[in-house]
file run18.cif (mmCIF, C-alpha atoms and all ligand atoms)
data_work
loop_
_atom_site.label_atom_id
_atom_site.label_comp_id
_atom_site.auth_asym_id
_atom_site.auth_seq_id
_atom_site.Cartn_x
_atom_site.Cartn_y
_atom_site.Cartn_z
CA MET A 1 -29.63 -102.11 11.25
CA SER A 2 -30.64 -98.57 12.13
CA ASP A 3 -33.30 -98.04 14.77
CA THR A 4 -36.69 -97.01 13.42
CA ALA A 5 -38.52 -93.91 14.60
CA GLN A 6 -41.06 -96.18 16.23
CA THR A 7 -38.55 -98.16 18.31
CA LEU A 8 -36.79 -94.92 19.26
CA ASN A 9 -40.08 -93.38 20.39
CA GLU A 10 -40.77 -96.47 22.49
CA ARG A 11 -37.35 -96.32 24.15
CA PHE A 12 -36.44 -92.64 24.32
CA ALA A 13 -39.40 -90.29 23.73
CA ILE A 14 -40.02 -87.90 26.62
CA PRO A 15 -42.14 -84.74 26.82
CA GLY A 16 -40.52 -82.32 24.36
CA LEU A 17 -38.62 -84.99 22.40
CA SER A 18 -39.89 -87.36 19.72
CA PHE A 19 -38.57 -89.16 16.65
CA ARG A 20 -39.83 -89.32 13.07
CA ALA A 21 -38.61 -90.59 9.70
CA ASP A 22 -38.86 -88.45 6.56
CA ALA A 23 -39.56 -89.57 2.99
CA SER A 24 -35.86 -90.38 2.41
CA GLY A 25 -35.90 -92.76 5.38
CA LEU A 26 -33.62 -90.60 7.54
CA VAL A 27 -34.65 -90.40 11.18
CA PHE A 28 -34.86 -87.09 13.04
CA ALA A 29 -35.25 -86.11 16.70
CA ASP A 30 -37.56 -83.13 17.20
CA ILE A 31 -37.08 -81.11 20.36
CA ASP A 32 -39.50 -78.47 21.60
CA ASN A 33 -39.31 -77.05 25.13
CA ALA A 34 -39.92 -73.73 26.88
CA GLY A 35 -36.48 -72.40 25.84
CA GLY A 36 -36.22 -73.43 22.20
CA THR A 37 -36.81 -75.83 19.36
CA ALA A 38 -34.31 -77.99 17.48
CA THR A 39 -34.11 -80.86 15.05
CA LEU A 40 -31.32 -83.38 14.88
CA CYS A 41 -30.79 -85.94 12.14
CA LEU A 42 -29.49 -89.27 13.43
CA GLN A 43 -27.40 -89.65 10.30
CA GLY A 44 -24.30 -87.67 11.20
CA ALA A 45 -25.69 -86.64 14.63
CA HIS A 46 -26.34 -83.57 12.53
CA LEU A 47 -28.32 -80.81 14.25
CA THR A 48 -30.25 -79.17 11.44
CA THR A 49 -32.25 -76.45 13.20
CA TRP A 50 -32.20 -74.48 16.42
CA ARG A 51 -34.24 -71.48 17.45
CA PRO A 52 -34.44 -70.08 20.96
CA LYS A 53 -38.07 -69.14 21.63
CA ASP A 54 -37.16 -65.51 22.27
CA GLN A 55 -35.77 -65.23 18.71
CA ALA A 56 -38.10 -64.69 15.75
CA GLU A 57 -35.46 -66.11 13.39
CA PRO A 58 -33.54 -69.39 13.75
CA VAL A 59 -29.96 -69.05 14.97
CA VAL A 60 -28.77 -72.07 13.01
CA TRP A 61 -29.11 -71.81 9.21
CA LEU A 62 -30.38 -74.64 7.04
CA SER A 63 -30.25 -74.32 3.27
CA PRO A 64 -33.61 -74.05 1.51
CA LEU A 65 -32.09 -76.53 -0.96
CA ALA A 66 -30.75 -78.95 1.67
CA LYS A 67 -30.94 -82.53 0.41
CA TYR A 68 -31.65 -85.45 2.70
CA ALA A 69 -30.26 -88.73 1.51
CA PRO A 70 -28.55 -91.73 3.07
CA GLY A 71 -24.78 -91.23 3.07
CA LYS A 72 -24.89 -87.55 2.02
CA SER A 73 -24.06 -84.57 4.18
CA ILE A 74 -26.85 -82.04 4.74
CA ARG A 75 -26.10 -78.41 3.76
CA GLY A 76 -26.52 -76.30 6.87
CA GLY A 77 -27.02 -77.02 10.54
CA ALA A 78 -24.07 -78.26 12.57
CA PRO A 79 -22.18 -80.99 10.67
CA VAL A 80 -19.71 -83.02 12.73
CA CYS A 81 -16.29 -83.18 11.04
CA TRP A 82 -14.28 -86.10 12.46
CA PRO A 83 -11.72 -87.80 12.61
CA TRP A 84 -10.09 -85.37 10.23
CA PHE A 85 -10.90 -81.86 9.10
CA GLY A 86 -10.79 -80.93 5.41
CA PRO A 87 -9.14 -83.36 3.00
CA HIS A 88 -7.57 -86.50 4.47
CA ALA A 89 -3.81 -86.04 4.87
CA THR A 90 -2.81 -88.95 2.62
CA GLU A 91 -5.88 -90.68 1.13
CA SER A 92 -7.50 -88.52 -1.53
CA GLY A 93 -10.35 -91.04 -1.90
CA PHE A 94 -11.51 -90.57 1.70
CA PRO A 95 -14.34 -88.07 2.25
CA GLY A 96 -13.58 -84.45 3.08
CA HIS A 97 -14.16 -83.61 6.77
CA GLY A 98 -14.22 -87.31 7.69
CA PHE A 99 -17.09 -89.78 7.82
CA ALA A 100 -18.85 -88.90 11.08
CA ARG A 101 -21.31 -86.58 9.36
CA THR A 102 -22.61 -89.18 6.91
CA VAL A 103 -22.94 -92.36 8.95
CA ASP A 104 -25.63 -93.52 11.35
CA TRP A 105 -25.44 -92.69 15.01
CA LYS A 106 -27.34 -94.52 17.75
CA VAL A 107 -29.37 -92.79 20.42
CA ILE A 108 -28.03 -93.82 23.83
CA GLY A 109 -29.92 -91.45 26.11
CA ALA A 110 -32.50 -88.71 26.39
CA LYS A 111 -33.32 -86.58 29.39
CA ALA A 112 -35.48 -83.63 30.41
CA LEU A 113 -33.17 -81.60 32.66
CA ASP A 114 -34.32 -79.68 35.75
CA SER A 115 -33.28 -76.51 33.91
CA GLY A 116 -36.06 -77.17 31.38
CA GLU A 117 -33.54 -78.08 28.67
CA THR A 118 -33.72 -81.30 26.69
CA GLN A 119 -30.66 -83.47 26.28
CA ILE A 120 -30.01 -86.20 23.75
CA ARG A 121 -26.92 -88.44 23.60
CA LEU A 122 -25.70 -90.23 20.49
CA LEU A 123 -22.93 -92.68 19.71
CA LEU A 124 -21.31 -93.06 16.30
CA ALA A 125 -22.10 -96.51 14.92
CA GLN A 126 -18.98 -97.96 13.32
CA ASN A 127 -19.24 -100.17 10.26
CA ASP A 128 -16.85 -101.83 7.80
CA ALA A 129 -16.47 -98.60 5.80
CA THR A 130 -15.63 -96.48 8.85
CA ARG A 131 -13.18 -99.13 10.12
CA ALA A 132 -11.48 -99.20 6.70
CA GLN A 133 -10.90 -95.44 6.97
CA TRP A 134 -10.15 -95.36 10.69
CA PRO A 135 -8.85 -98.72 11.93
CA ARG A 136 -8.49 -97.50 15.51
CA ALA A 137 -10.58 -98.47 18.52
CA THR A 138 -12.29 -95.17 19.24
CA ARG A 139 -15.62 -94.15 20.73
CA LEU A 140 -17.27 -90.92 19.55
CA GLU A 141 -20.19 -89.56 21.51
CA LEU A 142 -22.20 -86.38 20.96
CA THR A 143 -24.49 -84.76 23.51
CA ALA A 144 -26.80 -81.93 22.48
CA THR A 145 -28.46 -79.86 25.19
CA VAL A 146 -31.22 -77.72 23.78
CA GLY A 147 -33.05 -74.76 25.29
CA LYS A 148 -32.54 -71.00 25.22
CA THR A 149 -28.89 -71.87 24.57
CA LEU A 150 -27.52 -74.79 22.58
CA ARG A 151 -24.65 -76.81 23.94
CA ILE A 152 -22.91 -79.59 22.02
CA ASP A 153 -20.25 -81.84 23.54
CA LEU A 154 -18.25 -84.09 21.22
CA THR A 155 -16.19 -86.64 23.14
CA THR A 156 -13.54 -88.86 21.59
CA THR A 157 -12.38 -91.75 23.76
CA ASN A 158 -9.27 -93.60 22.71
CA LEU A 159 -9.88 -97.31 23.37
CA ASP A 160 -6.76 -98.24 21.41
CA THR A 161 -3.39 -99.21 22.85
CA GLU A 162 -1.58 -96.34 21.11
CA ASP A 163 -2.14 -92.59 20.89
CA ILE A 164 -4.52 -91.37 18.20
CA VAL A 165 -4.42 -88.02 16.41
CA ILE A 166 -7.71 -86.45 15.36
CA GLY A 167 -8.88 -83.37 13.51
CA GLU A 168 -12.45 -82.25 14.16
CA ALA A 169 -14.97 -79.45 13.96
CA LEU A 170 -18.52 -78.51 14.75
CA HIS A 171 -18.99 -76.92 11.35
CA THR A 172 -21.99 -74.79 12.32
CA TYR A 173 -23.85 -72.60 9.82
CA PHE A 174 -25.31 -69.51 11.54
CA HIS A 175 -28.30 -67.64 10.21
CA ILE A 176 -27.58 -63.94 9.61
CA GLY A 177 -29.31 -61.03 7.86
CA ASP A 178 -26.69 -60.50 5.15
CA ILE A 179 -23.11 -61.76 4.79
CA GLY A 180 -21.92 -58.33 3.60
CA ARG A 181 -22.94 -56.60 6.82
CA ILE A 182 -21.96 -58.88 9.70
CA GLN A 183 -18.77 -58.77 11.74
CA VAL A 184 -17.16 -61.69 13.54
CA LEU A 185 -15.39 -60.54 16.69
CA GLY A 186 -12.88 -62.46 18.80
CA LEU A 187 -10.22 -63.33 16.25
CA GLU A 188 -8.38 -60.00 16.22
CA GLY A 189 -4.61 -60.60 16.21
CA SER A 190 -4.96 -64.34 15.48
CA GLU A 191 -2.89 -66.11 12.84
CA PHE A 192 -4.89 -67.73 10.06
CA VAL A 193 -4.33 -69.95 7.06
CA ASP A 194 -6.03 -68.30 4.09
CA LYS A 195 -7.40 -71.11 1.90
CA VAL A 196 -8.48 -68.66 -0.80
CA ASP A 197 -4.89 -67.35 -1.04
CA GLY A 198 -3.02 -70.62 -1.50
CA GLY A 199 -2.80 -71.33 2.23
CA ALA A 200 -0.83 -68.14 3.02
CA ARG A 201 -0.37 -67.45 6.74
CA LYS A 202 -1.69 -64.05 7.79
CA THR A 203 -2.66 -62.14 10.91
CA GLN A 204 -6.20 -60.93 11.47
CA ALA A 205 -6.47 -57.15 11.83
CA GLY A 206 -9.76 -56.06 13.43
CA PRO A 207 -13.09 -57.89 13.14
CA VAL A 208 -13.65 -60.39 10.32
CA THR A 209 -15.88 -58.99 7.57
CA CYS A 210 -16.80 -60.65 4.26
CA ALA A 211 -16.81 -59.06 0.79
CA GLY A 212 -16.09 -62.23 -1.19
CA GLU A 213 -15.28 -65.88 -0.55
CA VAL A 214 -13.72 -66.36 2.89
CA ASP A 215 -12.18 -69.69 3.89
CA ARG A 216 -9.84 -69.31 6.83
CA VAL A 217 -8.53 -71.58 9.53
CA TYR A 218 -7.56 -69.46 12.55
CA VAL A 219 -5.04 -71.44 14.56
CA ASN A 220 -4.09 -71.38 18.23
CA THR A 221 -7.23 -69.59 19.31
CA ALA A 222 -9.60 -70.72 22.04
CA ALA A 223 -11.38 -67.36 21.97
CA GLU A 224 -15.12 -66.92 22.15
CA CYS A 225 -16.45 -65.42 18.92
CA VAL A 226 -19.38 -63.06 18.51
CA ILE A 227 -21.30 -62.58 15.26
CA VAL A 228 -22.65 -59.02 15.23
CA ASP A 229 -25.70 -58.86 12.98
CA PRO A 230 -27.17 -55.37 12.40
CA ASP A 231 -30.01 -56.72 10.20
CA LEU A 232 -31.35 -59.33 12.62
CA LYS A 233 -30.38 -56.91 15.41
CA ARG A 234 -28.64 -59.51 17.48
CA ARG A 235 -25.34 -60.86 18.64
CA VAL A 236 -24.71 -64.60 18.36
CA ARG A 237 -22.14 -65.86 20.81
CA VAL A 238 -19.97 -68.90 20.03
CA ALA A 239 -18.27 -70.01 23.25
CA LYS A 240 -16.09 -73.11 23.23
CA SER A 241 -13.65 -75.30 25.11
CA GLY A 242 -11.35 -78.09 23.93
CA SER A 243 -10.99 -76.28 20.60
CA ASN A 244 -7.94 -74.34 19.48
CA SER A 245 -8.91 -73.49 15.89
CA THR A 246 -11.79 -71.47 14.48
CA VAL A 247 -12.82 -71.68 10.84
CA VAL A 248 -14.71 -68.84 9.16
CA TRP A 249 -16.28 -69.74 5.83
CA THR A 250 -18.61 -68.23 3.25
CA PRO A 251 -18.63 -69.62 -0.30
CA TRP A 252 -19.83 -66.43 -2.07
CA THR A 253 -21.55 -66.38 -5.48
CA GLU A 254 -19.45 -68.57 -7.74
CA LYS A 255 -18.70 -71.36 -5.28
CA ALA A 256 -22.27 -71.38 -3.91
CA GLU A 257 -23.66 -71.72 -7.43
CA LYS A 258 -21.21 -74.49 -8.24
CA MET A 259 -22.06 -76.38 -5.05
CA GLY A 260 -25.73 -76.19 -5.99
CA ASP A 261 -27.36 -76.71 -2.60
CA PHE A 262 -27.01 -73.20 -1.15
CA GLY A 263 -30.10 -71.37 -2.41
CA PRO A 264 -30.16 -68.00 -4.11
CA GLY A 265 -27.69 -65.21 -3.40
CA ARG A 266 -30.41 -62.59 -3.04
CA ALA A 267 -31.80 -60.89 0.06
CA ASN A 268 -34.62 -62.57 1.99
CA GLN A 269 -34.50 -65.82 0.01
CA GLY A 270 -32.83 -67.88 2.71
CA GLY A 271 -29.76 -68.68 0.58
CA TRP A 272 -26.02 -68.37 1.15
CA ARG A 273 -25.99 -64.60 1.82
CA GLU A 274 -27.95 -65.38 4.99
CA MET A 275 -25.41 -67.69 6.53
CA VAL A 276 -21.86 -67.73 7.85
CA CYS A 277 -19.93 -70.69 9.19
CA VAL A 278 -18.02 -70.10 12.41
CA GLU A 279 -16.59 -73.51 13.15
CA SER A 280 -15.12 -74.56 16.47
CA ALA A 281 -12.36 -76.86 15.39
CA ASN A 282 -9.05 -78.58 16.00
CA ALA A 283 -7.37 -78.39 12.62
CA LEU A 284 -3.92 -77.99 11.00
CA ASP A 285 -1.51 -76.96 13.81
CA ASN A 286 -4.12 -77.94 16.38
CA VAL A 287 -4.95 -81.58 15.63
CA VAL A 288 -5.37 -83.37 18.96
CA SER A 289 -3.35 -86.27 20.23
CA VAL A 290 -5.46 -88.43 22.55
CA PRO A 291 -3.37 -90.86 24.61
CA ALA A 292 -4.48 -94.50 24.88
CA GLY A 293 -7.27 -94.88 27.43
CA GLU A 294 -8.00 -91.16 27.60
CA ALA A 295 -10.75 -88.90 26.30
CA HIS A 296 -10.93 -85.47 24.72
CA THR A 297 -14.04 -83.27 24.57
CA LEU A 298 -14.80 -80.35 22.27
CA THR A 299 -17.67 -78.27 23.66
CA VAL A 300 -19.57 -75.35 22.17
CA VAL A 301 -22.27 -73.19 23.70
CA TYR A 302 -24.29 -70.96 21.37
CA SER A 303 -26.54 -68.12 22.51
CA ALA A 304 -28.21 -65.07 21.00
CA GLU A 305 -28.87 -61.67 22.52
CA ALA A 306 -30.36 -58.41 21.24
CA LEU A 307 -27.92 -55.80 19.90
C1 LIG B 401 -15.13 -75.49 5.34
C2 LIG B 401 -13.85 -75.57 4.55
O1 LIG B 401 -14.88 -75.85 6.66
O2 LIG B 401 -16.09 -76.39 4.78
C3 LIG B 401 -14.17 -75.24 3.10
O3 LIG B 401 -12.89 -74.71 5.11
C4 LIG B 401 -15.24 -76.17 2.55
O4 LIG B 401 -12.97 -75.34 2.33
C5 LIG B 401 -16.45 -76.08 3.46
O5 LIG B 401 -15.56 -75.80 1.23
C6 LIG B 401 -17.63 -76.97 3.05
O6 LIG B 401 -17.26 -78.28 2.94
P1 LIG B 401 -18.30 -79.37 2.45
O7 LIG B 401 -17.51 -80.62 2.33
O8 LIG B 401 -19.38 -79.44 3.50
O9 LIG B 401 -18.86 -78.87 1.14
#

call {"tool": "encode", "arguments": {"input": "run18.cif", "output": "structure tokens", "more": "lines below"}}
Ligand code: BG6
result
Amino acid sequence: MSDTAQTLNERFAIPGLSFRADASGLVFADIDNAGGTATLCLQGAHLTTWRPKDQAEPVVWLSPLAKYAPGKSIRGGAPVCWPWFGPHATESGFPGHGFARTVDWKVIGAKALDSGETQIRLLLAQNDATRAQWPRATRLELTATVGKTLRIDLTTTNLDTEDIVIGEALHTYFHIGDIGRIQVLGLEGSEFVDKVDGGARKTQAGPVTCAGEVDRVYVNTAAECVIVDPDLKRRVRVAKSGSNSTVVWTPWTEKAEKMGDFGPGRANQGGWREMVCVESANALDNVVSVPAGEAHTLTVVYSAEAL
């Protein structure tokens, strides 16, 4: 059984961190400290909001039409894709991007750090359905450290007797002024798989800009990326370690309308034009082999600064 907000508050609430359930029954951790505010849904260990206090606008985008329901992924925030990225390699009935983002996680720690940041630690709770899709002894832990910056560590520990191979991503949706005017820097010269061009392999020339649907897996890149946003007059920095792929995604009009939970494609309405996904991943060529008894950590650190 999942922990209730009440039992979580009794065990883990600290100044700046409390738990609540919404009408759908999902439980959220609300964080509010001197550096920033954030919300994290325990289903999926899914961070849904983050705003540093020196930013008028959130840095993480959440769809105005986001739906909250048991077993469904929330549109926006920072979904955790694991233990595979995209469609499963052989089982078409298994969920895209794995099951970590739609199952319950357990809170295993909460701490107010000397830095003023708030840290919460969660552990994926396995069940019969997850074991049917991933019959390997594996521990998945996520730590979110919230303040003026946001750090997320995703650690996979292989408790099995044989190597495991995982695909993964922190599939973060960033809030921007307008998709047609941002640039993503840091991927210049990188090879990418273009999912809107039949998976063709190409090389990135210059900054990434978007004038239509973009769905690209950049491989063999550990580079920091920067989203340059002339409308919100800021740079959002996506620094990472333990990640050798970066995914850039925007659905654009047709796909966003078809998906139905993206909001309007007009200015200042909070919909898909105001978000871009820059995902720190290990996908395709970069799936990770974790030897028996060892651990692998994917870490991201997000920050925002004025242009
Ligand atoms: C991206 C993929 O990472 O996630 C896209 O590259 C996909 O192909 C997108 O459409 C959203 O996936 P989902 O399952 O959250 O709708």

call {"tool": "residues_near_ligand", "arguments": {"input": "run18.cif", "ligand": "ligand LIG 401 (chain B)", "cutoff": "6 Å", "atoms": "only C-alpha atoms and all ligand atoms", "output": "VMD selection string"}}
result
chain A and resid 96 215 249

call {"tool": "residues_around", "arguments": {"input": "run18.cif", "residues": "Gly98 (chain A)", "least_positions_apart": "5", "cutoff": "6 Å", "atoms": "all atoms listed in the file", "output": "list in words"}}
result
Cys81, Trp82, Pro83 and Trp84 of chain A

call {"tool": "atom_distance", "arguments": {"input": "run18.cif", "atom1": "CA of Arg101 (chain A)", "atom2": "CA of Asp261 (chain A)"}}
result
16.6 Å

call {"tool": "residues_around", "arguments": {"input": "run18.cif", "residues": "Val276 (chain A)", "least_positions_apart": "4", "cutoff": "8 Å", "atoms": "all atoms listed in the file", "output": "mmCIF file with C-alpha atoms, keeping the file's coordinate frame"}}
result
data_model
loop_
_atom_site.group_PDB
_atom_site.id
_atom_site.type_symbol
_atom_site.label_atom_id
_atom_site.label_comp_id
_atom_site.auth_asym_id
_atom_site.auth_seq_id
_atom_site.Cartn_x
_atom_site.Cartn_y
_atom_site.Cartn_z
ATOM 1 C CA TYR A 173 -23.850 -72.600 9.820
ATOM 2 C CA PHE A 174 -25.310 -69.510 11.540
ATOM 3 C CA HIS A 175 -28.300 -67.640 10.210
ATOM 4 C CA ILE A 176 -27.580 -63.940 9.610
ATOM 5 C CA ILE A 179 -23.110 -61.760 4.790
ATOM 6 C CA VAL A 248 -14.710 -68.840 9.160
ATOM 7 C CA TRP A 249 -16.280 -69.740 5.830
ATOM 8 C CA THR A 250 -18.610 -68.230 3.250
ATOM 9 C CA TRP A 272 -26.020 -68.370 1.150
#

call {"tool": "residues_around", "arguments": {"input": "run18.cif", "residues": "Val214 (chain A)", "least_positions_apart": "2", "cutoff": "10 Å", "atoms": "all atoms listed in the file", "output": "ChimeraX atom specification"}}
result
/A:194-197,208-212,216-217,247-252,276-277

call {"tool": "atom_distance", "arguments": {"input": "run18.cif", "atom1": "CA of Glu162 (chain A)", "atom2": "CA of Ala137 (chain A)"}}
result
9.6 Å

call {"tool": "closest_residue", "arguments": {"input": "run18.cif", "among": "A:Gly167, A:Gly177, A:Pro58, A:Pro207", "to": "Val226 (chain A)", "atoms": "only C-alpha atoms"}}
result
A:Pro207

call {"tool": "closest_residue", "arguments": {"input": "run18.cif", "among": "A:Val287, A:Ile227, A:Thr297, A:Val193", "to": "Arg139 (chain A)", "atoms": "only C-alpha atoms"}}
result
A:Thr297

call {"tool": "atom_distance", "arguments": {"input": "run18.cif", "atom1": "CA of Leu142 (chain A)", "atom2": "CA of Leu123 (chain A)"}}
result
6.5 Å

call {"tool": "closest_residue", "arguments": {"input": "run18.cif", "among": "A:Ile120, A:Ala283, A:Val290, A:Val59", "to": "Glu141 (chain A)", "atoms": "all atoms listed in the file"}}
result
A:Ile120

call {"tool": "residues_around", "arguments": {"input": "run18.cif", "residues": "Gln6 (chain A)", "least_positions_apart": "5", "cutoff": "9 Å", "atoms": "all atoms listed in the file", "output": "list in words"}}
result
Arg11, Phe19, Arg20 and Ala21 of chain A

call {"tool": "write_last_selection", "arguments": {"input": "run18.cif", "atoms": "C-alpha atoms", "output": "PDB file, in the frame of the given file"}}
result
ATOM      1  CA  ARG A  11     -37.350 -96.320  24.150  1.00  0.00           C
ATOM      2  CA  PHE A  19     -38.570 -89.160  16.650  1.00  0.00           C
ATOM      3  CA  ARG A  20     -39.830 -89.320  13.070  1.00  0.00           C
ATOM      4  CA  ALA A  21     -38.610 -90.590   9.700  1.00  0.00           C
TER       5      ALA A  21
END

call {"tool": "residues_around", "arguments": {"input": "run18.cif", "residues": "region 106-109 of chain A", "least_positions_apart": "3", "cutoff": "10 Å", "atoms": "only C-alpha atoms", "output": "ChimeraX atom specification"}}
result
/A:2-3,8,11-13,29,42-45,119-125,141-143
